[in-house]
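Right, one structure below, let's go through it.
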Amino acid sequence: MAGHSKWANIKRQKAVVDAKRGNVFTKLSRAIIIAARSGIPDPAGNFQLRTAIDKAKAAGIPNDNIDRAIAKGAGTSGGDNNSLEEIRYEGYGPGGIAVLVEALTDNRNRTAADVRVAFSKNGGNLGETGCVSWMFAQKAVCIVKDVTDEEKLLEASLEADADSYEITDDQVVEVFTEFTNLENLSQTLKAKDFNVTDIELRWIPGNEVEVTDPEQAKSVFKLIDTLENLDDVQNVTANFDIAENLMELSL
């Protein structure tokens with residue numbers, strides 16, 4: 001999982017810059033709409049919605065925008081948001097890497113066409129449903145910063161039935177669990193005074209494709225960036241492992 005964690009770190013660094021783009025606001029707002037529509041429109045009783053709101057606030061989305069998104073999801077704004085649907089696309093990138101693309105769209109034909117073009121113009125190809133998803137397992141992740149006592153973190157993780165944890169950077173730890181246990185894990189860590197800065201769902205690859213050629217690395221990063229910049233795409237995951245000295249090519 002080392003390569004995946006490195007890529008996760010790069011994505012978080014890029015998110016600081018990407019948050020200035022309008023399409024990121026759109027993606028986060030859509031996540032709020034879906035969360036409010038799939039459960040009660042009250043963050044106090046809807047963990048998915050509460051998580052989406054926290055991410056939106058961290059990205060600087062105004063409270064008025066957040067309230068409007070909740071109202072749309074609840075069906076109280078007069079708009080038609082039932083047309084929004086979640087779709088997952090699967091394909092292959094340069095060097096045979098496996099790629100999962102998660103999207104929210106009101107027009108699946110448009111989104112499928114955009115995703116297909118992104119793959120074909122960047123050394124990959126869109127595959128059939130199920131062609132690569134079997135290589136991944138979905139896990140929930142709590143990202144914890146300022147960890148100075150690993151033994152205390154281990155005890156808290158065991159108490160909350162976490163699966164594992166990984167130190168990804170100086171005093172930054174990712175704690176993994178099943179989706180159904182995410183709220184319990186997050187609350188337990190916070191109750192133990194850990195600084196939980198983010199929670200997310202993540203596809204974890206069972207195996208990774210090593211990328212050592214700089215040109216191939218550039219192609220991989222270009223494909224991922226192109227897919228992530230599509231308005232309808234919410235998240236992109238791939239199973240590559242790129243050498244540390246090539247990670248700077250993604251910036």
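Each chain in the structure tokens gets a letter, A, B, ..., in the order shown, and its residues are numbered from 1; ligands are numbered from 1 in order too.
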
Identify, with DSSP run on backbone atoms, the residues in segment 76-226 of chain A assigned to helix (DSSP H, G or I), and express the list as a ChimeraX atom specification. /A:94-96,108-120,133-135,150-159,179-191,214-226

Please report as a tab-separated table every residue of segment 37-108 of chain A lying within 12 Å of segment 126-129 of chain A, along with the nearest atom pair and their distance in Å (one decimal), using only C-alpha atoms.
residue	atom	partner	partner_atom	distance
A:Ile87	CA	A:Thr129	CA	10.3
A:Arg88	CA	A:Thr129	CA	8.0
A:Tyr89	CA	A:Thr129	CA	6.7
A:Glu90	CA	A:Gly127	CA	5.5
A:Gly91	CA	A:Leu126	CA	4.3
A:Tyr92	CA	A:Leu126	CA	6.5
A:Gly93	CA	A:Leu126	CA	8.7
A:Pro94	CA	A:Leu126	CA	11.9
A:Gly96	CA	A:Leu126	CA	11.7
A:Ile97	CA	A:Leu126	CA	11.9
A:Ala98	CA	A:Gly127	CA	9.9
A:Val99	CA	A:Leu126	CA	9.0
A:Leu100	CA	A:Leu126	CA	9.9
A:Val101	CA	A:Leu126	CA	10.0

Store the residues of this selection in a file with N, CA, C and O atoms, as a PDB file, in the first residue's frame.
ATOM      1  N   ILE A  87     -22.230   6.507 -10.739  1.00  0.00           N
ATOM      2  CA  ILE A  87     -21.763   5.519 -11.716  1.00  0.00           C
ATOM      3  C   ILE A  87     -20.280   5.276 -11.504  1.00  0.00           C
ATOM      4  O   ILE A  87     -19.519   6.206 -11.218  1.00  0.00           O
ATOM      5  N   ARG A  88     -19.849   4.031 -11.641  1.00  0.00           N
ATOM      6  CA  ARG A  88     -18.427   3.710 -11.543  1.00  0.00           C
ATOM      7  C   ARG A  88     -17.961   3.163 -12.893  1.00  0.00           C
ATOM      8  O   ARG A  88     -18.577   2.272 -13.457  1.00  0.00           O
ATOM      9  N   TYR A  89     -16.871   3.749 -13.396  1.00  0.00           N
ATOM     10  CA  TYR A  89     -16.258   3.297 -14.641  1.00  0.00           C
ATOM     11  C   TYR A  89     -14.941   2.603 -14.324  1.00  0.00           C
ATOM     12  O   TYR A  89     -14.278   2.926 -13.335  1.00  0.00           O
ATOM     13  N   GLU A  90     -14.558   1.660 -15.170  1.00  0.00           N
ATOM     14  CA  GLU A  90     -13.332   0.910 -14.956  1.00  0.00           C
ATOM     15  C   GLU A  90     -12.540   0.846 -16.257  1.00  0.00           C
ATOM     16  O   GLU A  90     -13.114   0.779 -17.351  1.00  0.00           O
ATOM     17  N   GLY A  91     -11.219   0.883 -16.133  1.00  0.00           N
ATOM     18  CA  GLY A  91     -10.413   0.825 -17.334  1.00  0.00           C
ATOM     19  C   GLY A  91      -8.947   0.606 -17.021  1.00  0.00           C
ATOM     20  O   GLY A  91      -8.571   0.324 -15.877  1.00  0.00           O
ATOM     21  N   TYR A  92      -8.146   0.741 -18.062  1.00  0.00           N
ATOM     22  CA  TYR A  92      -6.698   0.523 -17.951  1.00  0.00           C
ATOM     23  C   TYR A  92      -5.954   1.766 -18.412  1.00  0.00           C
ATOM     24  O   TYR A  92      -6.348   2.421 -19.375  1.00  0.00           O
ATOM     25  N   GLY A  93      -4.864   2.061 -17.702  1.00  0.00           N
ATOM     26  CA  GLY A  93      -4.034   3.195 -18.058  1.00  0.00           C
ATOM     27  C   GLY A  93      -2.718   2.742 -18.663  1.00  0.00           C
ATOM     28  O   GLY A  93      -2.517   1.549 -18.933  1.00  0.00           O
ATOM     29  N   PRO A  94      -1.782   3.663 -18.883  1.00  0.00           N
ATOM     30  CA  PRO A  94      -0.466   3.330 -19.438  1.00  0.00           C
ATOM     31  C   PRO A  94       0.219   2.240 -18.620  1.00  0.00           C
ATOM     32  O   PRO A  94       0.182   2.257 -17.388  1.00  0.00           O
ATOM     33  N   GLY A  96      -0.721  -0.754 -18.321  1.00  0.00           N
ATOM     34  CA  GLY A  96      -1.664  -1.741 -17.805  1.00  0.00           C
ATOM     35  C   GLY A  96      -2.163  -1.488 -16.400  1.00  0.00           C
ATOM     36  O   GLY A  96      -2.730  -2.386 -15.778  1.00  0.00           O
ATOM     37  N   ILE A  97      -1.969  -0.265 -15.870  1.00  0.00           N
ATOM     38  CA  ILE A  97      -2.476   0.013 -14.526  1.00  0.00           C
ATOM     39  C   ILE A  97      -4.004  -0.035 -14.531  1.00  0.00           C
ATOM     40  O   ILE A  97      -4.654   0.295 -15.524  1.00  0.00           O
ATOM     41  N   ALA A  98      -4.580  -0.468 -13.412  1.00  0.00           N
ATOM     42  CA  ALA A  98      -6.028  -0.525 -13.271  1.00  0.00           C
ATOM     43  C   ALA A  98      -6.533   0.802 -12.722  1.00  0.00           C
ATOM     44  O   ALA A  98      -5.946   1.370 -11.805  1.00  0.00           O
ATOM     45  N   VAL A  99      -7.647   1.292 -13.290  1.00  0.00           N
ATOM     46  CA  VAL A  99      -8.179   2.595 -12.900  1.00  0.00           C
ATOM     47  C   VAL A  99      -9.675   2.483 -12.611  1.00  0.00           C
ATOM     48  O   VAL A  99     -10.437   1.939 -13.408  1.00  0.00           O
ATOM     49  N   LEU A 100     -10.077   2.999 -11.454  1.00  0.00           N
ATOM     50  CA  LEU A 100     -11.487   3.114 -11.090  1.00  0.00           C
ATOM     51  C   LEU A 100     -11.876   4.581 -11.102  1.00  0.00           C
ATOM     52  O   LEU A 100     -11.162   5.423 -10.554  1.00  0.00           O
ATOM     53  N   VAL A 101     -13.018   4.889 -11.723  1.00  0.00           N
ATOM     54  CA  VAL A 101     -13.501   6.266 -11.815  1.00  0.00           C
ATOM     55  C   VAL A 101     -14.916   6.314 -11.242  1.00  0.00           C
ATOM     56  O   VAL A 101     -15.811   5.637 -11.742  1.00  0.00           O
TER      57      VAL A 101
END

Which of segment 3-222 of chain A fall in strand (DSSP E or B), as JSON, numbers by chain: {"A": [85, 86, 87, 88, 89, 90, 91, 92, 98, 99, 100, 101, 102, 103, 104, 105, 125, 126, 136, 137, 138, 139, 140, 141, 142, 143, 144, 145, 164, 165, 166, 167, 168, 169, 172, 173, 174, 175, 176, 177, 195, 196, 197, 198, 199, 200, 201, 202, 203, 204, 205, 209, 210, 211]}

Just want the 9 Å neighbourhood of Leu227 of chain A, counted on only C-alpha atoms, with same-chain residues fewer than 5 positions away dropped. Output as a ChimeraX atom specification. /A:101,114-115,118-119,222,233,235-236

Between segment 35-54 of chain A and segment 196-201 of chain A, at 10 Å or less, what are the per-residue closest atom pairs and their distances in Å? Count only C-alpha atoms, order by chain and rising residue number, and return it as JSON lines.
{"residue": "A:Gln48", "atom": "CA", "partner": "A:Glu200", "partner_atom": "CA", "distance": 9.8}
{"residue": "A:Thr51", "atom": "CA", "partner": "A:Ile199", "partner_atom": "CA", "distance": 7.2}
{"residue": "A:Ala52", "atom": "CA", "partner": "A:Glu200", "partner_atom": "CA", "distance": 9.4}
{"residue": "A:Asp54", "atom": "CA", "partner": "A:Asp198", "partner_atom": "CA", "distance": 8.4}
